[in-house]
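Novice: Structure file data_21.cif (mmCIF, C-alpha atoms (C1' of nucleotides)) right here:
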data_my_file
#
loop_
_atom_site.label_atom_id
_atom_site.label_comp_id
_atom_site.auth_asym_id
_atom_site.auth_seq_id
_atom_site.Cartn_x
_atom_site.Cartn_y
_atom_site.Cartn_z
CA MET S 1 -69.30 -66.71 93.52
CA LYS S 2 -68.35 -68.12 90.12
CA PRO S 3 -70.74 -69.94 87.84
CA ASN S 4 -70.96 -73.62 88.62
CA ALA S 5 -68.36 -76.11 87.56
CA ARG S 6 -70.38 -77.47 84.68
CA GLU S 7 -70.69 -74.05 83.09
CA ARG S 8 -67.05 -73.28 83.65
CA LEU S 9 -66.01 -76.56 82.08
CA ILE S 10 -68.08 -75.82 79.00
CA GLU S 11 -66.67 -72.33 78.65
CA GLY S 12 -63.08 -73.46 79.17
CA THR S 13 -63.44 -76.25 76.66
CA ARG S 14 -65.10 -73.92 74.20
CA GLN S 15 -62.16 -71.53 74.36
CA LEU S 16 -59.55 -74.24 74.05
CA LEU S 17 -61.32 -75.83 71.08
CA TRP S 18 -61.51 -72.40 69.50
CA GLU S 19 -57.80 -71.80 69.94
CA ARG S 20 -56.31 -75.24 69.55
CA GLY S 21 -58.84 -77.60 68.03
CA TYR S 22 -59.76 -81.10 69.13
CA VAL S 23 -56.41 -82.87 69.47
CA GLY S 24 -54.83 -79.76 70.91
CA THR S 25 -57.35 -79.66 73.74
CA SER S 26 -56.34 -81.93 76.61
CA PRO S 27 -58.39 -82.71 79.71
CA THR S 28 -55.71 -81.26 81.97
CA ALA S 29 -55.66 -78.05 79.94
CA ILE S 30 -59.43 -77.90 80.24
CA LEU S 31 -59.24 -78.26 84.00
CA ALA S 32 -56.58 -75.58 84.29
CA ARG S 33 -58.51 -73.21 82.06
CA SER S 34 -61.80 -73.83 83.80
CA GLY S 35 -60.44 -73.76 87.31
CA VAL S 36 -62.24 -76.91 88.41
CA GLY S 37 -61.00 -80.20 89.78
CA GLN S 38 -60.53 -83.33 87.75
CA GLY S 39 -63.23 -85.23 89.58
CA SER S 40 -65.83 -82.62 88.68
CA MET S 41 -65.11 -83.06 85.02
CA TYR S 42 -65.73 -86.78 85.09
CA HIS S 43 -68.66 -86.21 87.37
CA HIS S 44 -70.45 -83.92 84.93
CA PHE S 45 -69.32 -85.45 81.65
CA ASP S 46 -68.55 -88.91 80.36
CA GLY S 47 -65.18 -87.81 79.05
CA LYS S 48 -63.55 -85.61 76.51
CA PRO S 49 -65.89 -86.29 73.57
CA ASP S 50 -68.96 -85.69 75.69
CA LEU S 51 -67.58 -82.42 77.01
CA VAL S 52 -66.48 -81.37 73.55
CA LEU S 53 -69.98 -81.94 72.23
CA ALA S 54 -71.45 -79.77 74.98
CA ALA S 55 -68.91 -77.02 74.25
CA GLU S 56 -69.61 -77.19 70.53
CA GLN S 57 -73.33 -76.96 71.09
CA ARG S 58 -72.75 -73.90 73.21
CA SER S 59 -70.57 -72.26 70.55
CA ALA S 60 -73.13 -73.07 67.88
CA GLU S 61 -75.92 -71.66 70.02
CA LEU S 62 -74.04 -68.41 70.70
CA MET S 63 -73.07 -68.02 67.06
CA GLN S 64 -76.60 -68.61 65.81
CA GLN S 65 -77.84 -66.07 68.30
CA GLN S 66 -75.34 -63.47 67.07
CA ILE S 67 -76.31 -64.19 63.49
CA ALA S 68 -80.00 -63.80 64.25
CA GLU S 69 -79.36 -60.52 66.08
CA ALA S 70 -77.22 -59.09 63.29
CA PHE S 71 -79.93 -59.74 60.72
CA ALA S 72 -82.80 -58.61 62.94
CA VAL S 73 -82.33 -54.95 62.18
CA GLU S 74 -84.17 -52.50 59.98
CA GLY S 75 -82.79 -51.52 56.64
CA THR S 76 -82.28 -52.67 53.10
CA ALA S 77 -80.89 -56.11 52.34
CA LEU S 78 -77.52 -54.59 51.50
CA GLU S 79 -77.49 -52.70 54.77
CA ARG S 80 -78.21 -55.84 56.75
CA ILE S 81 -75.55 -57.83 54.95
CA THR S 82 -73.08 -55.01 55.40
CA ARG S 83 -73.98 -54.88 59.03
CA TYR S 84 -73.46 -58.61 59.49
CA LEU S 85 -70.13 -58.56 57.67
CA GLY S 86 -68.95 -55.55 59.60
CA ARG S 87 -70.03 -56.77 62.99
CA GLU S 88 -67.53 -56.82 65.84
CA ARG S 89 -65.15 -59.75 65.47
CA ASP S 90 -61.89 -60.84 66.99
CA VAL S 91 -60.58 -61.62 63.53
CA LEU S 92 -57.22 -63.10 64.43
CA ARG S 93 -58.91 -65.41 66.87
CA GLY S 94 -61.01 -66.79 64.06
CA CYS S 95 -64.42 -68.42 64.12
CA SER S 96 -65.20 -70.62 67.10
CA VAL S 97 -67.41 -72.80 64.92
CA GLY S 98 -65.49 -72.75 61.66
CA ARG S 99 -62.27 -73.64 63.45
CA LEU S 100 -63.56 -77.13 64.06
CA THR S 101 -63.96 -77.94 60.37
CA ALA S 102 -60.21 -78.50 60.36
CA ASP S 103 -60.39 -81.34 62.87
CA PRO S 104 -60.83 -84.82 61.40
CA GLU S 105 -61.98 -86.15 64.78
CA VAL S 106 -64.88 -83.74 64.67
CA MET S 107 -65.69 -84.05 60.97
CA ALA S 108 -65.65 -87.85 61.06
CA ASP S 109 -68.26 -88.03 63.80
CA ASP S 110 -71.75 -87.06 62.70
CA THR S 111 -72.79 -86.11 66.21
CA LEU S 112 -69.82 -83.80 66.68
CA ARG S 113 -70.18 -82.39 63.18
CA ALA S 114 -73.88 -81.62 63.51
CA PRO S 115 -73.65 -78.32 65.45
CA ILE S 116 -71.15 -76.96 62.91
CA ARG S 117 -73.20 -77.97 59.91
CA GLU S 118 -76.34 -76.59 61.47
CA THR S 119 -74.73 -73.24 62.24
CA PHE S 120 -73.62 -72.82 58.65
CA GLU S 121 -77.10 -73.78 57.51
CA VAL S 122 -78.61 -71.15 59.75
CA LEU S 123 -76.21 -68.53 58.41
CA HIS S 124 -76.93 -69.59 54.86
CA GLU S 125 -80.64 -69.35 55.48
CA HIS S 126 -80.37 -65.79 56.84
CA LEU S 127 -78.18 -64.68 53.96
CA ARG S 128 -80.38 -66.41 51.44
CA ARG S 129 -83.51 -64.77 52.74
CA THR S 130 -81.88 -61.36 52.90
CA VAL S 131 -80.49 -61.60 49.38
CA ALA S 132 -83.89 -62.77 48.16
CA GLU S 133 -85.53 -59.75 49.74
CA GLY S 134 -82.96 -57.50 48.14
CA VAL S 135 -83.61 -59.02 44.75
CA ALA S 136 -87.36 -58.68 45.23
CA ALA S 137 -86.88 -55.04 46.19
CA GLY S 138 -84.79 -54.46 43.08
CA GLU S 139 -81.66 -53.74 45.08
CA PHE S 140 -79.65 -56.20 43.04
CA ALA S 141 -80.69 -55.58 39.53
CA GLY S 142 -78.46 -58.35 38.27
CA GLU S 143 -80.65 -60.83 40.12
CA PRO S 144 -77.78 -63.03 41.22
CA ASP S 145 -78.50 -66.63 42.10
CA ILE S 146 -79.64 -66.47 45.70
CA ASP S 147 -78.00 -69.60 47.03
CA GLU S 148 -74.74 -68.98 45.24
CA THR S 149 -74.54 -65.46 46.54
CA ALA S 150 -75.31 -66.56 50.08
CA SER S 151 -72.60 -69.22 49.89
CA ALA S 152 -70.06 -66.79 48.51
CA ILE S 153 -70.67 -64.33 51.33
CA ALA S 154 -70.42 -67.05 53.97
CA ALA S 155 -67.23 -68.34 52.36
CA VAL S 156 -65.64 -64.90 52.31
CA ILE S 157 -66.04 -64.67 56.07
CA GLN S 158 -64.54 -68.06 56.79
CA GLY S 159 -61.77 -67.61 54.24
CA GLY S 160 -61.09 -64.10 55.46
CA TYR S 161 -60.09 -65.51 58.81
CA ALA S 162 -57.53 -67.77 57.15
CA LEU S 163 -56.01 -64.92 55.14
CA ALA S 164 -55.86 -62.72 58.22
CA ARG S 165 -54.19 -65.35 60.36
CA ALA S 166 -51.58 -66.10 57.73
CA ALA S 167 -50.73 -62.40 57.61
CA GLN S 168 -51.16 -61.90 61.35
CA ALA S 169 -53.18 -58.83 60.45
CA VAL S 170 -56.83 -57.93 60.24
CA GLU S 171 -56.44 -56.13 56.95
CA PRO S 172 -56.87 -59.12 54.57
CA PHE S 173 -60.15 -60.00 56.26
CA ASP S 174 -61.46 -56.48 55.92
CA ARG S 175 -60.27 -56.28 52.33
CA ALA S 176 -62.06 -59.47 51.38
CA VAL S 177 -65.25 -58.27 53.04
CA ARG S 178 -65.09 -54.90 51.31
CA GLY S 179 -64.40 -56.77 48.08
CA VAL S 180 -67.47 -58.95 48.18
CA LEU S 181 -69.63 -56.04 49.26
CA SER S 182 -68.37 -53.95 46.35
CA LEU S 183 -69.15 -56.75 43.95
CA LEU S 184 -72.63 -57.08 45.40
CA ARG S 185 -73.21 -53.35 45.16
CA ALA S 186 -71.85 -53.27 41.64
CA SER S 187 -74.22 -56.02 40.63
CA ALA S 188 -75.71 -54.45 37.57
CA PRO S 189 -78.48 -55.48 35.20
CA ARG S 190 -76.86 -57.96 32.94
CA SER S 191 -77.50 -59.82 29.81
CA ASN S 192 -76.77 -63.47 30.47
CA MET G 1 -36.51 -98.74 44.95
CA LYS G 2 -38.59 -95.95 46.52
CA PRO G 3 -37.46 -92.37 46.68
CA ASN G 4 -35.00 -91.79 49.46
CA ALA G 5 -36.00 -91.55 53.07
CA ARG G 6 -35.68 -87.80 53.24
CA GLU G 7 -38.19 -87.32 50.43
CA ARG G 8 -40.55 -89.87 51.87
CA LEU G 9 -40.41 -88.22 55.28
CA ILE G 10 -41.25 -84.86 53.76
CA GLU G 11 -44.16 -86.28 51.80
CA GLY G 12 -45.54 -88.24 54.73
CA THR G 13 -45.31 -85.25 57.02
CA ARG G 14 -46.91 -83.05 54.39
CA GLN G 15 -49.90 -85.37 54.17
CA LEU G 16 -50.30 -85.70 57.91
CA LEU G 17 -50.10 -81.94 58.43
CA TRP G 18 -52.68 -81.51 55.72
CA GLU G 19 -55.07 -83.97 57.34
CA ARG G 20 -54.45 -83.46 61.01
CA GLY G 21 -52.51 -80.25 61.59
CA TYR G 22 -49.47 -79.70 63.78
CA VAL G 23 -50.46 -81.22 67.13
CA GLY G 24 -52.24 -84.08 65.40
CA THR G 25 -49.07 -85.08 63.60
CA SER G 26 -46.86 -87.27 65.75
CA PRO G 27 -43.38 -88.51 64.91
CA THR G 28 -44.47 -92.13 65.07
CA ALA G 29 -47.34 -91.43 62.70
CA ILE G 30 -44.88 -89.77 60.35
CA LEU G 31 -42.64 -92.81 60.41
CA ALA G 32 -45.54 -95.16 59.76
CA ARG G 33 -46.86 -93.02 56.92
CA SER G 34 -43.45 -92.54 55.35
CA GLY G 35 -42.33 -96.11 55.77
CA VAL G 36 -38.92 -95.22 57.18
CA GLY G 37 -37.21 -96.05 60.44
CA GLN G 38 -37.03 -93.77 63.41
CA GLY G 39 -33.27 -93.36 63.20
CA SER G 40 -33.53 -92.02 59.68
CA MET G 41 -35.85 -89.31 60.79
CA TYR G 42 -33.49 -88.01 63.41
CA HIS G 43 -30.64 -88.51 61.01
CA HIS G 44 -32.14 -86.23 58.36
CA PHE G 45 -33.94 -83.72 60.57
CA ASP G 46 -33.36 -82.12 63.92
CA GLY G 47 -36.82 -83.08 65.13
CA LYS G 48 -40.46 -82.46 64.53
CA PRO G 49 -40.33 -78.68 64.01
CA ASP G 50 -37.49 -79.00 61.54
CA LEU G 51 -39.29 -81.68 59.57
CA VAL G 52 -42.54 -79.73 59.69
CA LEU G 53 -40.81 -76.70 58.24
CA ALA G 54 -39.44 -78.76 55.36
CA ALA G 55 -42.88 -80.24 54.69
CA GLU G 56 -44.51 -76.84 54.77
CA GLN G 57 -41.97 -75.42 52.37
CA ARG G 58 -42.70 -78.30 50.03
CA SER G 59 -46.45 -77.73 50.22
CA ALA G 60 -45.99 -74.03 49.63
CA GLU G 61 -43.72 -74.71 46.67
CA LEU G 62 -46.20 -77.12 45.07
CA MET G 63 -49.11 -74.78 45.65
CA GLN G 64 -47.32 -71.78 44.19
CA GLN G 65 -46.42 -73.87 41.19
CA GLN G 66 -50.04 -74.88 40.66
CA ILE G 67 -51.15 -71.28 41.00
CA ALA G 68 -48.60 -70.11 38.47
CA GLU G 69 -49.65 -72.83 36.03
CA ALA G 70 -53.35 -72.06 36.38
CA PHE G 71 -52.80 -68.39 35.58
CA ALA G 72 -50.32 -69.03 32.79
CA VAL G 73 -52.96 -69.66 30.17
CA GLU G 74 -54.35 -67.62 27.35
CA GLY G 75 -57.69 -65.89 27.67
CA THR G 76 -59.44 -62.95 29.22
CA ALA G 77 -58.96 -62.12 32.87
CA LEU G 78 -62.35 -63.60 33.69
CA GLU G 79 -61.45 -66.78 31.86
CA ARG G 80 -58.21 -67.15 33.78
CA ILE G 81 -59.89 -66.51 37.12
CA THR G 82 -62.65 -68.95 36.21
CA ARG G 83 -60.04 -71.46 35.27
CA TYR G 84 -58.18 -71.05 38.53
CA LEU G 85 -61.32 -71.33 40.60
CA GLY G 86 -62.51 -74.34 38.66
CA ARG G 87 -59.25 -76.19 38.72
CA GLU G 88 -59.16 -79.77 39.94
CA ARG G 89 -59.33 -79.89 43.73
CA ASP G 90 -59.91 -82.51 46.36
CA VAL G 91 -62.33 -80.17 48.07
CA LEU G 92 -63.14 -82.24 51.14
CA ARG G 93 -59.47 -82.69 51.82
CA GLY G 94 -59.08 -78.95 51.97
CA CYS G 95 -56.05 -76.78 51.30
CA SER G 96 -52.68 -78.16 52.34
CA VAL G 97 -51.43 -74.66 53.02
CA GLY G 98 -54.57 -73.02 54.40
CA ARG G 99 -55.08 -75.89 56.85
CA LEU G 100 -52.11 -74.74 58.83
CA THR G 101 -53.57 -71.33 59.59
CA ALA G 102 -55.63 -73.10 62.24
CA ASP G 103 -52.59 -74.25 64.20
CA PRO G 104 -51.37 -71.86 66.88
CA GLU G 105 -48.00 -73.62 66.99
CA VAL G 106 -47.49 -72.71 63.35
CA MET G 107 -48.96 -69.22 63.48
CA ALA G 108 -46.98 -68.25 66.58
CA ASP G 109 -43.65 -69.07 64.95
CA ASP G 110 -42.60 -66.64 62.25
CA THR G 111 -40.40 -69.19 60.55
CA LEU G 112 -43.19 -71.76 60.35
CA ARG G 113 -45.73 -69.14 59.32
CA ALA G 114 -43.60 -67.71 56.52
CA PRO G 115 -44.34 -70.31 53.80
CA ILE G 116 -48.08 -69.92 54.38
CA ARG G 117 -48.02 -66.16 54.31
CA GLU G 118 -45.85 -66.18 51.23
CA THR G 119 -48.15 -68.57 49.37
CA PHE G 120 -51.17 -66.36 50.02
CA GLU G 121 -49.13 -63.36 48.89
CA VAL G 122 -48.26 -65.12 45.66
CA LEU G 123 -51.90 -66.01 45.05
CA HIS G 124 -52.96 -62.47 45.84
CA GLU G 125 -50.40 -61.11 43.42
CA HIS G 126 -51.62 -63.35 40.58
CA LEU G 127 -55.26 -62.46 41.23
CA ARG G 128 -54.45 -58.79 41.60
CA ARG G 129 -52.57 -58.69 38.33
CA THR G 130 -55.29 -60.60 36.50
CA VAL G 131 -58.08 -58.41 37.84
CA ALA G 132 -56.04 -55.33 36.94
CA GLU G 133 -55.66 -56.60 33.38
CA GLY G 134 -59.38 -57.26 33.22
CA VAL G 135 -60.16 -53.76 34.39
CA ALA G 136 -57.70 -52.31 31.89
CA ALA G 137 -59.32 -54.33 29.14
CA GLY G 138 -62.73 -53.06 30.13
CA GLU G 139 -63.91 -56.50 31.20
CA PHE G 140 -65.13 -55.22 34.55
CA ALA G 141 -66.93 -52.01 33.86
CA GLY G 142 -67.66 -51.50 37.53
CA GLU G 143 -63.88 -51.08 38.02
CA PRO G 144 -63.83 -52.86 41.34
CA ASP G 145 -60.97 -52.19 43.73
CA ILE G 146 -58.23 -54.53 42.60
CA ASP G 147 -56.85 -55.60 45.95
CA GLU G 148 -60.25 -56.00 47.51
CA THR G 149 -61.46 -58.15 44.66
CA ALA G 150 -58.35 -60.30 44.78
CA SER G 151 -58.77 -60.81 48.52
CA ALA G 152 -62.44 -61.68 48.16
CA ILE G 153 -61.67 -64.34 45.55
CA ALA G 154 -58.89 -65.84 47.65
CA ALA G 155 -61.15 -65.84 50.69
CA VAL G 156 -63.96 -67.59 48.84
CA ILE G 157 -61.65 -70.48 48.07
CA GLN G 158 -60.42 -70.88 51.63
CA GLY G 159 -63.87 -70.39 53.10
CA GLY G 160 -65.42 -72.71 50.55
CA TYR G 161 -63.36 -75.55 51.96
CA ALA G 162 -64.75 -74.89 55.43
CA LEU G 163 -68.34 -74.86 54.20
CA ALA G 164 -67.79 -78.04 52.21
CA ARG G 165 -66.24 -79.90 55.10
CA ALA G 166 -69.01 -78.92 57.47
CA ALA G 167 -71.53 -80.30 55.00
CA GLN G 168 -69.34 -83.23 53.99
CA ALA G 169 -70.20 -82.32 50.42
CA VAL G 170 -68.50 -80.49 47.59
CA GLU G 171 -71.59 -78.52 46.68
CA PRO G 172 -71.15 -75.57 49.07
CA PHE G 173 -67.65 -74.99 47.71
CA ASP G 174 -68.87 -75.01 44.13
CA ARG G 175 -71.80 -72.80 45.00
CA ALA G 176 -69.58 -70.21 46.64
CA VAL G 177 -67.24 -70.25 43.66
CA ARG G 178 -70.10 -69.84 41.19
CA GLY G 179 -71.43 -67.07 43.42
CA VAL G 180 -68.31 -64.96 43.37
CA LEU G 181 -67.86 -65.54 39.65
CA SER G 182 -71.42 -64.43 38.98
CA LEU G 183 -70.85 -61.28 40.98
CA LEU G 184 -67.67 -60.60 39.06
CA ARG G 185 -69.41 -61.24 35.76
CA ALA G 186 -72.31 -59.06 36.81
CA SER G 187 -69.93 -56.15 37.04
CA ALA G 188 -69.20 -56.64 33.35
CA PRO G 189 -70.18 -53.93 30.92
CA ARG G 190 -73.77 -54.17 29.95
CA SER G 191 -74.17 -55.46 26.46
CA ASN G 192 -77.89 -54.84 26.30
"C1'" DG Y 1 -80.33 -85.93 111.23
"C1'" DG Y 2 -79.50 -88.70 107.40
"C1'" DC Y 3 -79.29 -88.91 102.41
"C1'" DG Y 4 -78.46 -87.53 97.56
"C1'" DG Y 5 -76.14 -84.63 94.72
"C1'" DC Y 6 -72.15 -82.09 93.89
"C1'" DA Y 7 -67.20 -80.83 94.57
"C1'" DT Y 8 -62.37 -81.62 95.63
"C1'" DA Y 9 -58.23 -84.22 96.44
"C1'" DC Y 10 -55.24 -87.86 95.83
"C1'" DA Y 11 -53.40 -92.41 94.17
"C1'" DT Y 12 -52.86 -95.29 90.44
"C1'" DA Y 13 -52.30 -96.86 85.63
"C1'" DC Y 14 -51.80 -97.35 80.80
"C1'" DT Y 15 -50.68 -95.33 76.33
"C1'" DA Y 16 -48.71 -92.10 73.19
"C1'" DG Y 17 -45.52 -88.46 72.17
"C1'" DT Y 18 -40.84 -87.04 71.78
"C1'" DA Y 19 -36.90 -88.01 72.01
"C1'" DT Y 20 -31.42 -89.97 72.86
"C1'" DG Y 21 -27.94 -93.36 72.36
"C1'" DT Y 22 -25.79 -97.51 70.67
"C1'" DA Y 23 -24.97 -101.29 67.60
"C1'" DT Y 24 -25.01 -103.10 63.11
"C1'" DG Y 25 -25.09 -103.32 58.15
"C1'" DC Y 26 -25.21 -101.64 53.23
"C1'" DT Y 27 -23.11 -99.01 49.38
"C1'" DG Y 28 -20.35 -96.23 46.65
"C1'" DT Y 29 -15.86 -94.03 46.37
"C1'" DC Y 30 -10.90 -93.04 46.93
"C1'" DG F 1 -10.36 -102.65 51.43
"C1'" DA F 2 -11.18 -98.73 54.36
"C1'" DC F 3 -14.10 -95.06 55.19
"C1'" DA F 4 -18.14 -91.77 54.86
"C1'" DG F 5 -22.74 -91.45 54.49
"C1'" DC F 6 -27.08 -93.40 55.02
"C1'" DA F 7 -30.42 -96.81 56.89
"C1'" DT F 8 -32.38 -99.90 60.30
"C1'" DA F 9 -33.15 -101.93 64.75
"C1'" DC F 10 -33.39 -101.90 69.50
"C1'" DA F 11 -33.04 -100.17 74.36
"C1'" DT F 12 -34.05 -96.59 77.35
"C1'" DA F 13 -36.34 -92.52 79.37
"C1'" DC F 14 -39.21 -88.71 80.55
"C1'" DT F 15 -43.56 -86.20 79.95
"C1'" DA F 16 -48.25 -85.55 78.76
"C1'" DG F 17 -52.74 -87.37 77.73
"C1'" DT F 18 -56.63 -89.94 79.27
"C1'" DA F 19 -58.49 -91.87 82.27
"C1'" DT F 20 -60.43 -94.94 86.90
"C1'" DG F 21 -61.19 -95.48 91.68
"C1'" DT F 22 -61.48 -94.12 96.45
"C1'" DA F 23 -61.93 -91.07 100.32
"C1'" DT F 24 -63.66 -87.00 102.19
"C1'" DG F 25 -66.50 -82.93 102.86
"C1'" DC F 26 -70.30 -79.44 102.05
"C1'" DC F 27 -75.17 -78.29 101.54
"C1'" DG F 28 -79.98 -78.45 100.92
"C1'" DC F 29 -84.01 -81.20 101.58
"C1'" DC F 30 -87.29 -84.75 103.44
#
What does this structure look like when you write it as structure tokens?

Specialist:
Amino acid sequence: MKPNARERLIEGTRQLLWERGYVGTSPTAILARSGVGQGSMYHHFDGKPDLVLAAEQRSAELMQQQIAEAFAVEGTALERITRYLGRERDVLRGCSVGRLTADPEVMADDTLRAPIRETFEVLHEHLRRTVAEGVAAGEFAGEPDIDETASAIAAVIQGGYALARAAQAVEPFDRAVRGVLSLLRASAPRSN
Amino acid sequence: MKPNARERLIEGTRQLLWERGYVGTSPTAILARSGVGQGSMYHHFDGKPDLVLAAEQRSAELMQQQIAEAFAVEGTALERITRYLGRERDVLRGCSVGRLTADPEVMADDTLRAPIRETFEVLHEHLRRTVAEGVAAGEFAGEPDIDETASAIAAVIQGGYALARAAQAVEPFDRAVRGVLSLLRASAPRSN
DNA sequence: GGCGGCATACATACTAGTATGTATGCTGTC
DNA sequence: GACAGCATACATACTAGTATGTATGCCGCC
């Protein structure tokens, strides 16, 4: 029938963390969401932090996979970046990984923080490499600083979620994405 | 002696919301942080949601004030945007207003969401107007879309906080800011 | 056919969160 | 000097969060 209890616990916890963060995610809520009994939870995991770590690792893994897929397409650097920025997203739901940066419990613990940090590093690396290829191919005549550009693009995504949630509308996210893409495209040979 | 209990409650709640969000902010923690008695809290406010609203409104007010000040300086549009982006920030602490976009309790309640939405609207309006002036003055020869550019800049700030927190370092924030500024500058008229 | 691993149910317990209500005292004003 | 407004302390209460421990049952494997 359903996937085993361990998998369901991870998925339920993942969703709750995504929606409500660390303190907002209670063991009983996890059980209800996952549809498993309380005993199973303590059977498979040492407790909330252990389960949270497993859920985080799963989110990080899925996200890194999506990132890799989005960049593993043919096309110019600009096309690949555009494709990544425009990929299917449940914008108002936000980023399952980025959400956790708001939780002090997670940020204060190096083990819990690691999957988040690593995911952003992976994204940065993909963006960095793609921008570098674009510069090498003469797509960005302005030759923007590679790391700075990669960071700006990553930040626009994360910040776009915040703007969209505040407005309860997808539009601000899309606007920010179009904005950074326009700026990239407009990158002209410059004199500085 | 100290400011009155009402003020101290607002400030304590403001700080706790900033650090820990809505669910992470308990009445007892508020009392401890504010240094007032429990009775006073229920004397001045109807309860947690009422106090949270007051704290949010205060944060929004302060933030809008800082935004207005940062843009109320002489200089070209690019200088004013650079100044706003480079203004003094406790980056790892994050944004006292943007933090709340992660809380479903806040986002689901129109009254609690209003101060956040309004603050982003005010920021957008300042950025929009400044970019428009820059375009009019020929500073941005690429004539980027005004609203899109404003949204991208606002998003970079909010997203920069997330990147910085994940890395527990200010550098990713600064890099993202330099990145978007470079892209903006690169759309400047060629002087060569 | 028993045993180890996994799942479920149920009882218990302690703490924190979120209050309400009452008593008491301080202070400034009419 | 009485009274309103504000502050503090203390008692009480209910719920949710975070477990621990025990009993029981199913299933696949040696």

Novice: Quick one, how far is CA of Leu100 in chain G from CA of Gly21 in chain G?

Specialist: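 CA of Gly21 in chain G lies 6.2 Å from CA of Leu100 in chain G.
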
Novice: Find the spatial neighbours of range 136-146 of chain G, counting only C-alpha atoms (C1' of nucleotides), within a cut-off of 9 Å - ignore same-chain residues fewer than 4 positions away - and output them as a ChimeraX atom specification.

Specialist: /S:179,182-183,186-188 /G:76-78,127-129,131-132,150-151,184-190

Novice: For the structure shown, which residues end up in the PyMOL selection byres ((chain F) within 12 of (chain S))? Put them as a ChimeraX atom specification, please?

Specialist: /F:16-22

Novice: Just the selected residues (C-alpha atoms (C1' of nucleotides)), exported as a PDB file, in the coordinates of the input, please.

Specialist:
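Wrote part-v4.pdb, looks like this:
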ATOM      1  C1'  DA F  16     -48.250 -85.550  78.760  1.00  0.00           C
ATOM      2  C1'  DG F  17     -52.740 -87.370  77.730  1.00  0.00           C
ATOM      3  C1'  DT F  18     -56.630 -89.940  79.270  1.00  0.00           C
ATOM      4  C1'  DA F  19     -58.490 -91.870  82.270  1.00  0.00           C
ATOM      5  C1'  DT F  20     -60.430 -94.940  86.900  1.00  0.00           C
ATOM      6  C1'  DG F  21     -61.190 -95.480  91.680  1.00  0.00           C
ATOM      7  C1'  DT F  22     -61.480 -94.120  96.450  1.00  0.00           C
TER       8       DT F  22
END

Novice: When all Cα positions are paired in order and chain S is fitted onto chain G, what RMSD is left, to one decimal?

Specialist: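 C-alpha RMSD, chain S fitted to chain G: 2.1 Å.
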
Novice: What's the 7 Å shell around Pro115 in chain G, counting all atoms listed in the file, without same-chain residues fewer than 6 positions away, as a list in words?

Specialist: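 The filter keeps Glu56, Gln57 and Ala60 of chain G.
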
Novice: Since we have the selection now, will you write its residues out, keeping C-alpha atoms, as a short mmCIF file (atom, residue, chain, number, x, y, z; two decimals), in the frame of the given file?

Specialist:
data_model
loop_
_atom_site.label_atom_id
_atom_site.label_comp_id
_atom_site.auth_asym_id
_atom_site.auth_seq_id
_atom_site.Cartn_x
_atom_site.Cartn_y
_atom_site.Cartn_z
CA GLU G 56 -44.51 -76.84 54.77
CA GLN G 57 -41.97 -75.42 52.37
CA ALA G 60 -45.99 -74.03 49.63
#

Novice: Using only C-alpha atoms, select each residue of chain G with any atom at most 7 Å away from an atom of chain S, and give the selection as JSON, numbers by chain.

Specialist: {"G": [20, 23, 24, 98, 99, 101, 102, 103, 104, 113, 116, 117, 142, 144, 148, 149, 151, 152, 155, 156, 157, 158, 159, 160, 162, 163, 165, 166, 167, 172, 175, 176, 177, 178, 179, 180, 182, 183, 184, 186, 187, 190, 191, 192]}

Novice: Under the PyMOL selection byres ((chain S) within 12 of (chain Y)), which residues of this model are included? Write them out as a list of chain:residue names.

Specialist: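 Selection result, ordered by chain and number: S:Asn4, S:Ala5, S:Arg6, S:Gly35, S:Val36, S:Gly37, S:Gln38, S:Gly39, S:Ser40, S:Met41, S:Tyr42, S:His43, S:His44.
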
Novice: Please evaluate the PyMOL selection byres ((chain S and resi 8-11) around 8) against the displayed coordinates and give the resulting residues as a PyMOL selection string.

Specialist: chain S and resi 3-7+12-15+30-31+34-36+41+51-52+54-55+58

Novice: To one decimal place, how far is CA of Val91 in chain S from CA of Arg87 in chain G in Å?

Specialist: 28.8 Å
